[in-house]
Each structure stands twice: as C-alpha cells, then as structure tokens.
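Following: one structure in structure tokens, then a few remarks.
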Amino acid sequence: MAKEIALTLLITVLPISELRGGIPLGISLGLDPLFTFFIAIIANALIFFPIFFALRLFYDKVLSRIPLFDKYLDSLKKRGKPKVDKYGFWGLFLFVAVPLPLTGAYTGTILAWLLGMNWKKAFPAVGLGVIVAGVVVLLITLGVISIP
C-alpha cells in the first residue's frame with residue numbers, strides 16, 4: 001500500500017499530470033477513492049509554496065536566462081492575464097479549477113507570481129481551484145459524470 005501511495009503522490013506533484021493523473025492512478029491502484037482525493041488535493045495545493053517562492057528567489061538570477069521558460073511565461077501571461085485582471089481572485093480560482101491541461105496548481109501559481117499577486121490572496125484561490133478540480137476528476141474517475 002505504501003508503494004501505491006508514493007506513486008500516486010509522485011504523479012500528483014508532477015507538473016503535467018498533477019491531480020488529474022494522480023487521482024485516477026491512485027484509484028486504479030486500489031486506493032480508497034476519498035483517501036486518494038484528499039492526499040492528491042493536499043499534495044497538489046502545497047506545490048504552491050515551493051513554486052511561488054522559488055520563482056521569487058531564482059527568476060532574476062537563473063530562470064530568466066532560459067529562453068524556453070520565458071516563452072512559456074509569455075504564453076501563460078497572454079492566456080491568464082485577461083481572466084485574472086477581470087475577475088481577480090475568482091479568475092485565478094477558475095483558471096485552476098477547470099481540469100484541463102496546463103491549468104492546474106503549477107500554472108496558476110506561476111500566473112499569480114507573474115501578475116504580482118500577493119501570496120496570501122493567491123494561495124486560497126489556487127487551493128480552492130485544486131479542490132474543485134479534484135472533485136471533478138474524482139467524479140469523472142468514478143463514472144458519476146461523463147465527458148461528452
């Protein structure tokens with residue numbers, strides 16, 4: 001059981017899959033769906049802190065010198081800025097809550113940092129978004145709702 005939990009957490013904290021991959025994996029490995037949901041949302045939401053503060057510390061010295069990263073930031077800013085500018089907290093929340101590729105906790109956290117949001121306002125928006133995305137993914141995984 002420890003191996004299944006560790007694998008679920010690993011997939012959940014990876015930038016591409018996040019809880020969209022972790023929840024279905026954990027359930028498919030035989031973990032209890034509610035347990036899987038809770039460990040996935042906690043792990044995914046807590047990603048906020050190392051990402052947000054690492055960007056503050058390392059962007060100017062290291063990350064700004066990586067052209068691919070700057071290109072990603074420009075693309076992210078174009079996609080997310082209108083929503084966050086228009087809706088603020090709720091815009092960031094919705095950006096994270098919709099369980100689509102590249103709209104999870106990592107992207108929401110980077111967007112919050114990029115737009116200069118205070119972490120005390122950004123973390124609750126990202127955290128609530130992670131919870132809603134987790135509920136949607138859990139319900140899809142359990143077959144309660146289906147994607148047309």
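For the structure tokens, the naming scheme is as follows: chains receive sequential letters (A, B, ...) according to their order of presentation, residues are indexed from 1 within each chain, and ligands are indexed from 1 in presentation order.
The residue set within 9 Å of Val13 of chain A, counting only C-alpha atoms and dropping same-chain residues fewer than 6 places from it, reads A:Leu19, A:Gly22, A:Ala40, A:Ala43, A:Asn44, A:Ile47.
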* **segment 3-146 of chain A: residues DSSP assigns to alpha helix (DSSP H), reported as a PyMOL selection string** => chain A and resi 3-13+18-28+33-46+48-58+67-87+89-97+105-114+119-141
* To do: Tell me, as a VMD selection string, which residues lie within 9 Å of Val132 of chain A, counting only C-alpha atoms; anything in the same chain fewer than 6 positions away does not count.
  => chain A and resid 96 to 99
Taking C-alpha atoms for each residue, export the selection above as a short mmCIF file (atom, residue, chain, number, x, y, z; two decimals), in the first residue's frame.
data_model
loop_
_atom_site.label_atom_id
_atom_site.label_comp_id
_atom_site.auth_asym_id
_atom_site.auth_seq_id
_atom_site.Cartn_x
_atom_site.Cartn_y
_atom_site.Cartn_z
CA VAL A 96 -7.05 26.38 -11.71
CA ALA A 97 -10.46 24.77 -11.11
CA VAL A 98 -11.13 23.78 -14.72
CA PRO A 99 -9.35 20.44 -15.04
#
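With only C-alpha atoms as the basis for measurement, A:Pro33 is the residue among A:Gly21, A:Pro101, A:Val84, A:Pro33 that approaches Leu142 of chain A most closely.
Between Val136 of chain A and the candidates A:Ile23, A:Leu114, A:Ala54, A:Ile16, the tightest atom-to-atom separation, counting only C-alpha atoms, involves A:Ile23.
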* When you draw a straight line from atom CA of Ser64 of chain A to atom CA of Val126 of chain A, how long is it in Å? -> 23.9 Å
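Closest to Ile39 of chain A among A:Ile11, A:Lys71, A:Lys61, A:Leu94 is A:Ile11, based on only C-alpha atoms.
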* Considering only C-alpha atoms, return as a PyMOL selection string whatever protein or nucleic-acid residues lie within 12 Å of Lys120 of chain A, sequence-local ones (same chain, fewer than 4 positions apart) excluded. => chain A and resi 48-49+52+89+109+112-113+116+124-127
How would the residues just chosen look if you wrote them out with N, CA and C atoms as a CSV table (one decimal), in the first residue's frame?
chain,number,residue,atom,x,y,z
A,48,PHE,N,2.1,25.0,-4.4
A,48,PHE,CA,2.1,26.4,-4.5
A,48,PHE,C,3.3,27.0,-3.8
A,49,PHE,N,3.6,26.7,-2.6
A,49,PHE,CA,4.7,27.3,-1.8
A,49,PHE,C,6.1,27.2,-2.4
A,52,PHE,N,6.0,29.2,-5.9
A,52,PHE,CA,5.8,30.7,-5.8
A,52,PHE,C,7.1,31.3,-5.2
A,89,PHE,N,-9.3,37.3,-7.8
A,89,PHE,CA,-9.3,36.1,-7.1
A,89,PHE,C,-10.0,35.0,-7.8
A,109,THR,N,-0.1,29.0,-10.0
A,109,THR,CA,0.9,29.6,-9.1
A,109,THR,C,1.8,30.5,-9.9
A,112,ALA,N,0.0,33.6,-10.9
A,112,ALA,CA,-0.1,34.5,-9.7
A,112,ALA,C,1.2,35.3,-9.5
A,113,TRP,N,2.3,34.6,-9.5
A,113,TRP,CA,3.6,35.2,-9.3
A,113,TRP,C,3.9,36.2,-10.5
A,116,GLY,N,2.1,39.4,-10.1
A,116,GLY,CA,2.5,40.2,-8.9
A,116,GLY,C,1.4,40.0,-7.8
A,124,PRO,N,-5.1,30.9,-1.5
A,124,PRO,CA,-6.5,30.4,-1.3
A,124,PRO,C,-7.2,30.2,-2.7
A,125,ALA,N,-6.9,31.1,-3.6
A,125,ALA,CA,-7.6,30.9,-5.0
A,125,ALA,C,-7.1,29.6,-5.6
A,126,VAL,N,-5.8,29.4,-5.6
A,126,VAL,CA,-5.2,28.2,-6.1
A,126,VAL,C,-5.7,26.9,-5.3
A,127,GLY,N,-5.7,27.0,-4.0
A,127,GLY,CA,-6.2,25.9,-3.2
A,127,GLY,C,-7.6,25.5,-3.5
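Distance-wise, atom CA of Pro67 of chain A and atom CA of Gly104 of chain A end up 22.5 Å apart.
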Within 12 Å of Arg79 of chain A using only C-alpha atoms, minus same-chain residues under 6 positions, as a compact mmCIF listing (two decimals) with C-alpha atoms, in the first residue's frame:
# COMPACT_ATOMS: atom_id res chain seq x y z
CA TYR A 72 6.26 29.76 -21.57
CA LEU A 73 5.77 32.77 -19.27
CA ASP A 85 -7.41 41.15 -14.45
CA GLY A 91 -10.35 34.47 -12.17
CA LEU A 92 -7.33 32.67 -10.73
CA PHE A 95 -8.20 29.12 -14.11
CA LEU A 102 -1.94 23.40 -18.33
CA THR A 103 -4.49 25.00 -15.98
CA THR A 107 0.28 27.14 -13.92
CA GLY A 108 -2.00 29.02 -11.53
CA LEU A 111 0.44 33.07 -13.19
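Shortest atom-to-atom contact with Ile140 of chain A among A:Met117, A:Met1, A:Ile27, A:Ile110: A:Ile27, counting only C-alpha atoms.
Nearest to Arg20 of chain A of all the residues A:Gly80, A:Ser75, A:Thr8, A:Leu63 is A:Thr8, based on only C-alpha atoms.
Straight-line separation from atom CA of Leu10 of chain A to atom CA of Thr36 of chain A: 12.4 Å.
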